[in-house]
Structure formats: C-alpha cells, structure tokens
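Shown next: data-v8.cif, containing mmCIF, C-alpha atoms.
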data_start
loop_
_atom_site.group_PDB
_atom_site.id
_atom_site.type_symbol
_atom_site.label_atom_id
_atom_site.label_comp_id
_atom_site.auth_asym_id
_atom_site.auth_seq_id
_atom_site.Cartn_x
_atom_site.Cartn_y
_atom_site.Cartn_z
ATOM 1 C CA MET A 30 -52.667 -17.214 -51.373
ATOM 2 C CA PHE A 31 -54.553 -15.068 -48.886
ATOM 3 C CA THR A 32 -55.009 -18.013 -46.473
ATOM 4 C CA LYS A 33 -51.305 -18.895 -46.515
ATOM 5 C CA SER A 34 -50.371 -15.336 -45.649
ATOM 6 C CA LEU A 35 -52.926 -15.219 -42.821
ATOM 7 C CA SER A 36 -51.749 -18.548 -41.349
ATOM 8 C CA LYS A 37 -48.120 -17.357 -41.391
ATOM 9 C CA LYS A 38 -49.144 -14.206 -39.513
ATOM 10 C CA ARG A 39 -51.000 -16.281 -36.905
ATOM 11 C CA GLY A 40 -47.951 -18.545 -36.467
ATOM 12 C CA VAL A 41 -45.644 -15.566 -35.879
ATOM 13 C CA ALA A 42 -48.115 -13.950 -33.493
ATOM 14 C CA GLY A 43 -48.452 -17.210 -31.566
ATOM 15 C CA ALA A 44 -44.670 -17.580 -31.279
ATOM 16 C CA VAL A 45 -44.357 -14.006 -30.009
ATOM 17 C CA ALA A 46 -47.082 -14.644 -27.410
ATOM 18 C CA VAL A 47 -45.341 -17.824 -26.195
ATOM 19 C CA ALA A 48 -41.985 -16.008 -25.966
ATOM 20 C CA ALA A 49 -43.537 -13.141 -23.999
ATOM 21 C CA ALA A 50 -45.240 -15.541 -21.585
ATOM 22 C CA THR A 51 -42.004 -17.468 -21.076
ATOM 23 C CA ALA A 52 -40.082 -14.264 -20.375
ATOM 24 C CA GLY A 53 -42.724 -13.215 -17.872
ATOM 25 C CA MET A 54 -42.444 -16.547 -16.056
ATOM 26 C CA MET A 55 -38.667 -16.218 -15.925
ATOM 27 C CA LEU A 56 -38.972 -12.777 -14.339
ATOM 28 C CA ALA A 57 -41.505 -14.024 -11.816
ATOM 29 C CA THR A 58 -39.206 -16.819 -10.642
ATOM 30 C CA ALA A 59 -35.938 -14.842 -10.521
ATOM 31 C CA PRO A 60 -33.877 -15.512 -7.359
ATOM 32 C CA ALA A 61 -33.570 -12.904 -4.636
ATOM 33 C CA ALA A 62 -30.803 -10.364 -5.128
ATOM 34 C CA GLN A 63 -27.518 -11.139 -3.431
ATOM 35 C CA ALA A 64 -24.924 -8.742 -2.090
ATOM 36 C CA ALA A 65 -21.458 -9.485 -0.790
ATOM 37 C CA PRO A 66 -21.156 -9.427 3.001
ATOM 38 C CA GLY A 67 -20.657 -5.943 4.408
ATOM 39 C CA ASP A 68 -20.177 -4.060 7.689
ATOM 40 C CA CYS A 69 -17.307 -6.400 8.579
ATOM 41 C CA THR A 70 -15.157 -5.999 11.679
ATOM 42 C CA ILE A 71 -11.815 -7.624 12.467
ATOM 43 C CA SER A 72 -10.589 -8.576 15.950
ATOM 44 C CA SER A 73 -7.105 -9.778 16.821
ATOM 45 C CA GLY A 74 -5.220 -11.284 19.730
ATOM 46 C CA SER A 75 -4.400 -14.956 20.276
ATOM 47 C CA SER A 76 -6.797 -15.561 17.378
ATOM 48 C CA LEU A 77 -8.006 -13.420 14.498
ATOM 49 C CA SER A 78 -11.689 -13.132 13.678
ATOM 50 C CA SER A 79 -14.088 -11.389 11.337
ATOM 51 C CA LEU A 80 -17.782 -10.706 11.703
ATOM 52 C CA CYS A 81 -19.949 -9.317 8.894
ATOM 53 C CA THR A 82 -23.447 -8.117 9.722
ATOM 54 C CA SER A 83 -25.012 -7.120 6.394
ATOM 55 C CA GLY A 84 -25.467 -8.581 2.924
ATOM 56 C CA THR A 85 -25.609 -12.251 2.014
ATOM 57 C CA GLY A 86 -23.038 -14.880 1.222
ATOM 58 C CA GLN A 87 -20.029 -15.830 3.310
ATOM 59 C CA HIS A 88 -16.821 -14.340 4.662
ATOM 60 C CA ARG A 89 -13.556 -15.489 6.225
ATOM 61 C CA ILE A 90 -10.610 -13.890 7.988
ATOM 62 C CA HIS A 91 -7.359 -13.939 5.980
ATOM 63 C CA ALA A 92 -3.975 -12.881 7.396
ATOM 64 C CA VAL A 93 -0.262 -12.873 6.667
ATOM 65 C CA LEU A 94 2.106 -13.365 9.626
ATOM 66 C CA ASN A 95 5.830 -12.798 9.968
ATOM 67 C CA PRO A 96 7.542 -15.823 11.528
ATOM 68 C CA LEU A 97 9.328 -15.796 14.872
ATOM 69 C CA ASP A 98 12.563 -16.579 13.005
ATOM 70 C CA PRO A 99 13.139 -13.920 10.287
ATOM 71 C CA ARG A 100 14.948 -16.471 8.105
ATOM 72 C CA LEU A 101 11.695 -18.360 7.598
ATOM 73 C CA PRO A 102 8.963 -17.359 5.094
ATOM 74 C CA GLN A 103 5.787 -15.555 6.036
ATOM 75 C CA ARG A 104 2.783 -17.655 6.995
ATOM 76 C CA ILE A 105 -0.770 -17.305 5.638
ATOM 77 C CA ILE A 106 -3.641 -18.204 7.946
ATOM 78 C CA LEU A 107 -7.274 -18.561 6.899
ATOM 79 C CA GLY A 108 -10.421 -18.722 8.969
ATOM 80 C CA ASN A 109 -13.458 -20.826 8.255
ATOM 81 C CA TRP A 110 -16.053 -19.605 5.731
ATOM 82 C CA ALA A 111 -18.933 -18.245 7.818
ATOM 83 C CA PRO A 112 -22.350 -16.884 6.828
ATOM 84 C CA VAL A 113 -23.293 -13.288 7.579
ATOM 85 C CA GLY A 114 -23.978 -12.917 11.306
ATOM 86 C CA GLN A 115 -21.508 -15.631 12.344
ATOM 87 C CA THR A 116 -17.808 -15.299 13.163
ATOM 88 C CA SER A 117 -14.876 -16.615 11.131
ATOM 89 C CA VAL A 118 -11.911 -17.499 13.354
ATOM 90 C CA ALA A 119 -8.265 -18.345 12.622
ATOM 91 C CA SER A 120 -5.646 -19.331 15.151
ATOM 92 C CA ASN A 121 -2.732 -16.902 15.520
ATOM 93 C CA PRO A 122 0.052 -18.955 17.118
ATOM 94 C CA TRP A 123 2.575 -16.086 17.248
ATOM 95 C CA GLY A 124 0.431 -13.257 18.652
ATOM 96 C CA ALA A 125 -0.738 -9.894 17.376
ATOM 97 C CA GLY A 126 2.780 -8.448 17.033
ATOM 98 C CA TYR A 127 3.519 -10.763 14.093
ATOM 99 C CA VAL A 128 0.543 -9.825 11.893
ATOM 100 C CA VAL A 129 1.740 -8.162 8.674
ATOM 101 C CA SER A 130 -1.694 -7.714 7.099
ATOM 102 C CA VAL A 131 -5.213 -8.920 7.688
ATOM 103 C CA TRP A 132 -8.419 -8.636 5.661
ATOM 104 C CA VAL A 133 -11.797 -10.260 5.089
ATOM 105 C CA ASP A 134 -12.458 -12.457 2.032
ATOM 106 C CA ARG A 135 -16.089 -12.227 0.850
ATOM 107 C CA ILE A 136 -18.211 -14.269 -1.571
ATOM 108 C CA ASP A 137 -21.839 -13.919 -2.663
#

Please go through the file and, once you have read it, give me the structure as structure tokens.
Amino acid sequence: MFTKSLSKKRGVAGAVAVAAATAGMMLATAPAAQAAPGDCTISSGSSLSSLCTSGTGQHRIHAVLNPLDPRLPQRIILGNWAPVGQTSVASNPWGAGYVVSVWVDRID
C-alpha cells in the first residue's frame, strides 16, 4: 500500500513538472506585443490620405462625400490598407468642399 501511494505522488509531481515546463516554453515563444497604428495625420485636396507613424498593424483613409447633385446619395471612399510609415490614399473626385467626414481605420 505504501508503494502505490508513493508512485501516485511521483506521477502527480511529474505531471506538474511537465505542465510548468510547457507553460514556460509558451511564455518564451510569445509573439511581440502589437499596438494599433497611432500618431495618424490626414491630408485632403484632390485626394485624401492618411499617414500613421507609430504602433504596428495597418491603416486606411475612410471618408464620406456629399455628391455634386444633392438628390443623389452620399459616397463612401476608402484608401488602400497601408502599414505604419506608409501612406493610404483615396481619390476624391469632387474636391475638398464635398467631404462630410473623414477618419482613419486602424487594425492590429
């Protein structure tokens, strides 16, 4: 009876040691922290653009335009997804006076 009890204790201790080692390996191989793009600026004119200079991930310019003819619906324009440090650009066919709102979409 004593040997059965001792072998059960060794089995539990071994399982705990394996679990601790596995957890340690998972922590050692964790990916680098990511942060949404930041420090973003918006420029407008014949095109709209965004540039983000901090963080990781990607960003794009996103805008809503009023049409030349007020009977028509508003138009949404989207820039390309761009990594931090590169510019996202969207064509603005109607000019800056028709921009209702503009912002930067961001993903990690």

When the PyMOL selection byres ((chain A and resi 70-75) around 9) is applied to the structure above, which residues does it catch, written out as an MDAnalysis selection string?
chainID A and resid 68:69 76:82 90 120:126 131:133

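What the PyMOL selection byres ((chain A and resi 85) around 7) matches in the given file is Gln63, Ala64, Ala65, Pro66, Ser83, Gly84, Gly86, Gln87, Val113 and Asp137 of chain A.
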
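Residues matched by the PyMOL selection byres ((chain A and resi 97) around 8) in this file are Asn95, Pro96, Asp98, Pro99, Trp123 and Tyr127 of chain A.
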
What separation in Å, quoted to one decimal, exists between CA of Val128 (chain A) and CA of Ala111 (chain A)?
21.6 Å

Could you check the closest approach to Ala119 (chain A) for each of A:Gly67, A:Val93, A:Arg135, A:Ile106 and tell me which residue wins, using only C-alpha atoms?
A:Ile106

For CA of Asp134 (chain A) and CA of Pro102 (chain A), the interatomic separation in Å (one decimal)
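A separation of 22.2 Å between them.
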
Kindly give the distance, in Å, that separates CA of Leu101 (chain A) and CA of His88 (chain A), rounded to a single decimal.
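Between these atoms lies a distance of 28.9 Å.
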
Mind listing whatever residues come within 7 Å of the point (1.1, -9.5, 4.2)? Use only C-alpha atoms, file coordinates, and give them as a list in words.
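In the file's frame, the residues around the point are Ala92, Val93, Leu94, Val129 and Ser130 of chain A.
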